[in-house]
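Undergrad: My structure is below; once you've seen it, I'll send some questions.
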Amino acid sequence: MDKNLAKGERLARISGVWDGDVALSLMRAAPFRITDLTRLDFTPAIQASDVLCSLENQIPKTNRAWTARLSPEDARTRQKSLRRLTWDGAEYKVVYQWRTHQGDQIWIEEQGRRKSGAGDQPSQIEGVMRNVTNQKRAEDRAAYLANHDDLTGIANLGTVRCALDHLIALSLRQRGEGALLRLRLANLKDINDVYGFETGDKVLSEFAKRLSRIVRTPDILGRIGGGDFALILYGASQTDVKAITDRLFFLLENSPVKTPHGGLYGEVSIGSTQIPTHANTADEALSQSLTALKHAKPSKLCMYDDAMASDAARVSRDTTSQDILDALNQRRIQLAYQPIIETKSSRLHHYECLLRLRREDGEVISAGRFIMAAERLGLVHLLDRRALELASETLKQEPGIHLALNVSAGTVKDSKSASEYIAAIKALGPYAEQITIELTETVALDDPAMASAFSNSVRSLGCSFAIDDFGSGYTTFRNLMAIEADAIKIDGSLIEGVASDLNKQTFVRMMVDLAQTFSVKTVAEMVDDRADADILRRLGVDYLQGFMFGVPSAAPSWQKRAS
């Protein structure tokens, strides 16, 4: 019996040591002992050789020899930490680069504790060393991506914003001027569709290299998403901008980019705005350059002016009640459908219905240009009802599809309009289960109790309920839970360029984690390129919506829907 017990104890000790060694090995850690600040021992040595990327006979046996493999600064830091261990139980932790016998540099995290020796034995320091090279590389990579675009290596949107803030402050203080140029590779989508994303990325990288060659100090070049680049010009007048853009068009469009498919030419459009003449904040500069870009023709420069800003407002002011009523009566209000994709399977999940108005001259304009007028005139509830009617017709014609509809503040806040809208949903019967109602975050934040009551009413009829533009007003999740939303749509301003913006990634990850805690689905808006889509998949977003997956269309390919 005693013999068996002794054998069991030996096995237990062996098993315990083995389990500990395995755990340390998995952590890439090696236990060590320093005796009297001179002798250095690793046990087991074979594990230390693996952790330290060296053979056993190449590992230093003295503290002095170990320190000789460090840089002078790291050596001083480590020695100072060891000398501060003046009492038993004192602990330390240092991180430094260590040179292997082959001359490679690895990162070591060393931590230990002072332990008294028995009897006349000298005091010892016991601890572990971990190889944290991969961790440090990941941290360095994250720090790099916080300021740089992963694909091209140039500045990202966050860095561009900081540079714009600097230029604006400098221009206001010194009464100088500058400009922001927004360049777009207009045929990037065609290149991606025909030749694949790898070829498209190659063209983008080559354009970044060409632009980098002509950027002067202190000008800043950055990629701000998709095929859009930003060029911040210090001290540039409008005359300077014209001369620079002539050179840019020649540089970017006149020589092909070599690819496995042959030489490919880029088509470039440029929009610009002057600082501080028009823009006094980074957001204004980015918005104005985008507005100018939308007005720019291929291979042409368009400079922002105040008339562009007032165009949408003019349409709103000039639109009368009769114009809206005529459009409704003449059936010139229609829907465009934009697909929303399930992230994991990449299959179609549902469509968002977006209002469009066909003018009498045949031009089709988006909702933003007449919704403001409808809200001002108190007629927006009629547009919401018409959108619901059109959606119900589509549901009956295309069985099995799911649609998302936006509802305006004018409909929800007016008790009569809200009751009529809810009654129209009730009349749909079982089709209501195929509809998601979206209410913007700002409306929900204005009156959470009202939003909650509306949400409960439509959800009781079978609809799903979502909060749109989530993050634009930073609604608390307490309000979200009061409203009982089934989904949140993360605002596009937090999604655009997320692949190259560490701060945006952190914010999106936080929202996804909280949403999952409350069993709420997440939808990312404005997903326009593959890099953003890939990072959103890794962050756990449930659904993706953006030009990468399809533009709003009056005649979508219903047959492509998920079964």
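Letters A, B, ... go to the chains of the structure tokens in the order shown; residues in each chain start at 1; ligands are counted from 1 in the same order.
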Got a sec: who's within 7 Å of stretch 186-196 of chain A, counting only C-alpha atoms, leaving out chain neighbours fewer than 3 positions off, as a VMD selection string?
TA: chain A and resid 199 to 200 227 266 to 269
Undergrad: The selected residues should be written to file as a PDB file, in the first residue's frame (atoms: C-alpha atoms).
TA:
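Here's the written file part-v9.pdb:
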```pdb
ATOM      1  CA  THR A 199      -6.125  43.949 -60.112  1.00  0.00           C
ATOM      2  CA  GLY A 200      -8.135  46.875 -58.754  1.00  0.00           C
ATOM      3  CA  GLY A 227     -11.084  54.846 -54.968  1.00  0.00           C
ATOM      4  CA  GLY A 266      -7.462  55.019 -65.062  1.00  0.00           C
ATOM      5  CA  GLU A 267     -10.246  57.582 -65.386  1.00  0.00           C
ATOM      6  CA  VAL A 268      -9.933  60.341 -62.820  1.00  0.00           C
ATOM      7  CA  SER A 269     -12.265  63.077 -61.582  1.00  0.00           C
TER       8      SER A 269
END
```
Undergrad: Would you kindly return, as a list in words, each protein, DNA or RNA residue with an atom no farther than 9 Å from any atom of A:Val95, considering only C-alpha atoms and excluding same-chain residues fewer than 4 positions away?
TA: Asp74, Arg78, Trp107, Ile108, Glu109, Glu110, Gln111 and Val132 of chain A
Undergrad: Quick one: everything within 9 Å of stretch 151-163 of chain A, counting only C-alpha atoms, minus sequence neighbours fewer than 4 positions away in the same chain. Send it as an NGL selection string.
TA: :A and (145-147 or 167-168 or 201 or 204-209 or 212 or 219-225 or 230-232 or 282-283 or 286 or 497 or 500-503 or 531)
Undergrad: Please write the residues from the selection above to a file, keeping N, CA and C atoms, as a short mmCIF file (atom, residue, chain, number, x, y, z; two decimals), in the first residue's frame.
TA:
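Writing done, so here's out_17.cif:
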```cif
data_model
loop_
_atom_site.label_atom_id
_atom_site.label_comp_id
_atom_site.auth_asym_id
_atom_site.auth_seq_id
_atom_site.Cartn_x
_atom_site.Cartn_y
_atom_site.Cartn_z
N LEU A 145 -1.30 51.18 -38.69
CA LEU A 145 -2.59 51.31 -39.37
C LEU A 145 -3.45 52.41 -38.78
N ALA A 146 -3.13 52.86 -37.58
CA ALA A 146 -3.87 53.97 -37.00
C ALA A 146 -3.66 55.24 -37.81
N ASN A 147 -2.56 55.31 -38.56
CA ASN A 147 -2.24 56.52 -39.31
C ASN A 147 -2.07 56.29 -40.81
N LEU A 167 -3.98 72.62 -41.21
CA LEU A 167 -3.96 73.61 -42.29
C LEU A 167 -4.95 74.73 -42.03
N ILE A 168 -6.15 74.37 -41.55
CA ILE A 168 -7.17 75.40 -41.28
C ILE A 168 -6.70 76.33 -40.17
N ASP A 201 -6.82 46.56 -56.72
CA ASP A 201 -5.90 46.99 -55.68
C ASP A 201 -4.54 47.38 -56.26
N LEU A 204 -4.87 50.85 -57.72
CA LEU A 204 -4.90 51.84 -56.64
C LEU A 204 -3.51 52.07 -56.06
N SER A 205 -2.77 50.99 -55.84
CA SER A 205 -1.42 51.11 -55.29
C SER A 205 -0.50 51.89 -56.23
N GLU A 206 -0.63 51.63 -57.53
CA GLU A 206 0.20 52.34 -58.51
C GLU A 206 -0.15 53.82 -58.55
N PHE A 207 -1.44 54.14 -58.46
CA PHE A 207 -1.84 55.54 -58.43
C PHE A 207 -1.28 56.24 -57.19
N ALA A 208 -1.29 55.53 -56.05
CA ALA A 208 -0.73 56.11 -54.83
C ALA A 208 0.75 56.40 -55.00
N LYS A 209 1.49 55.49 -55.66
CA LYS A 209 2.92 55.70 -55.89
C LYS A 209 3.15 56.90 -56.79
N SER A 212 2.49 60.03 -54.84
CA SER A 212 3.52 60.26 -53.83
C SER A 212 4.77 60.90 -54.42
N ASP A 219 2.84 69.23 -47.97
CA ASP A 219 1.56 68.71 -48.45
C ASP A 219 1.36 67.26 -47.99
N ILE A 220 0.10 66.86 -47.86
CA ILE A 220 -0.26 65.54 -47.35
C ILE A 220 -1.10 64.80 -48.38
N LEU A 221 -0.72 63.56 -48.63
CA LEU A 221 -1.49 62.68 -49.52
C LEU A 221 -2.10 61.56 -48.69
N GLY A 222 -3.36 61.26 -48.91
CA GLY A 222 -4.00 60.18 -48.18
C GLY A 222 -5.07 59.49 -49.00
N ARG A 223 -5.39 58.27 -48.61
CA ARG A 223 -6.52 57.54 -49.21
C ARG A 223 -7.65 57.58 -48.20
N ILE A 224 -8.82 58.04 -48.63
CA ILE A 224 -9.91 58.26 -47.68
C ILE A 224 -11.08 57.31 -47.90
N GLY A 225 -10.84 56.24 -48.67
CA GLY A 225 -11.87 55.24 -48.84
C GLY A 225 -12.13 54.89 -50.29
N ALA A 230 -7.10 61.96 -51.13
CA ALA A 230 -7.11 63.36 -50.71
C ALA A 230 -5.70 63.92 -50.84
N LEU A 231 -5.60 65.12 -51.39
CA LEU A 231 -4.33 65.82 -51.48
C LEU A 231 -4.50 67.19 -50.84
N ILE A 232 -3.83 67.40 -49.71
CA ILE A 232 -3.92 68.66 -48.96
C ILE A 232 -2.76 69.53 -49.40
N ALA A 282 -12.50 70.43 -40.74
CA ALA A 282 -12.13 69.27 -41.57
C ALA A 282 -13.37 68.64 -42.19
N ASP A 283 -14.45 68.54 -41.43
CA ASP A 283 -15.68 67.94 -41.97
C ASP A 283 -16.24 68.77 -43.12
N LEU A 286 -14.03 68.11 -46.24
CA LEU A 286 -14.29 66.80 -46.84
C LEU A 286 -15.65 66.77 -47.53
N GLY A 497 -14.13 53.84 -44.63
CA GLY A 497 -12.71 53.84 -44.30
C GLY A 497 -12.37 53.13 -43.01
N SER A 500 -8.96 51.24 -42.34
CA SER A 500 -7.72 51.96 -42.09
C SER A 500 -7.82 52.92 -40.92
N ASP A 501 -8.86 52.78 -40.11
CA ASP A 501 -9.07 53.69 -38.98
C ASP A 501 -9.27 52.87 -37.71
N LEU A 502 -8.24 52.78 -36.88
CA LEU A 502 -8.29 51.97 -35.67
C LEU A 502 -9.36 52.46 -34.70
N ASN A 503 -9.56 53.77 -34.63
CA ASN A 503 -10.57 54.32 -33.72
C ASN A 503 -11.97 53.89 -34.14
N ALA A 531 -11.90 46.04 -48.48
CA ALA A 531 -11.14 46.11 -47.23
C ALA A 531 -12.06 46.41 -46.06
#
```
Undergrad: Near stretch 233-236 of chain A, counting only C-alpha atoms, which residues have an atom at most 12 Å away, once you skip same-chain residues fewer than 3 positions from it, shown as a PyMOL selection string?
TA: chain A and resi 160+163-164+166-172+174-182+214-222+230+239-245+272-277
Undergrad: Given only C-alpha atoms as the basis, pick out the residue of A:Glu360, A:Glu253, A:Asp486, A:Glu342 nearest to A:Ile324.
TA: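 The answer is A:Glu360, which sits nearest to A:Ile324.
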Undergrad: Could you give me, as JSON lines, a per-residue list for stretch 391-482 of chain A showing, wherever an atom lies at most 7 Å from an atom of stretch 376-384 of chain A, the closest pair of atoms and their distance in Å to one decimal, using only C-alpha atoms and sorting by chain then residue number from low to high?
TA:
```
{"residue": "A:Val407", "atom": "CA", "partner": "A:Asp384", "partner_atom": "CA", "distance": 6.0}
{"residue": "A:Gly410", "atom": "CA", "partner": "A:His381", "partner_atom": "CA", "distance": 6.1}
{"residue": "A:Thr411", "atom": "CA", "partner": "A:His381", "partner_atom": "CA", "distance": 4.8}
{"residue": "A:Ser417", "atom": "CA", "partner": "A:His381", "partner_atom": "CA", "distance": 6.5}
```
Undergrad: Let me see the file: selected residues, N, CA and C atoms, as a PDB file, in the first residue's frame.
TA:
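Printed below is result10.pdb as written:
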```pdb
ATOM      1  N   VAL A 407     -39.232  55.498 -41.901  1.00  0.00           N
ATOM      2  CA  VAL A 407     -40.384  56.293 -41.505  1.00  0.00           C
ATOM      3  C   VAL A 407     -39.863  57.599 -40.907  1.00  0.00           C
ATOM      4  N   GLY A 410     -42.060  63.240 -38.949  1.00  0.00           N
ATOM      5  CA  GLY A 410     -43.388  63.826 -39.127  1.00  0.00           C
ATOM      6  C   GLY A 410     -44.502  62.805 -39.012  1.00  0.00           C
ATOM      7  N   THR A 411     -44.230  61.570 -39.403  1.00  0.00           N
ATOM      8  CA  THR A 411     -45.239  60.512 -39.304  1.00  0.00           C
ATOM      9  C   THR A 411     -45.352  59.987 -37.882  1.00  0.00           C
ATOM     10  N   SER A 417     -51.176  60.720 -37.852  1.00  0.00           N
ATOM     11  CA  SER A 417     -50.384  60.114 -38.927  1.00  0.00           C
ATOM     12  C   SER A 417     -49.830  58.761 -38.502  1.00  0.00           C
TER      13      SER A 417
END
```
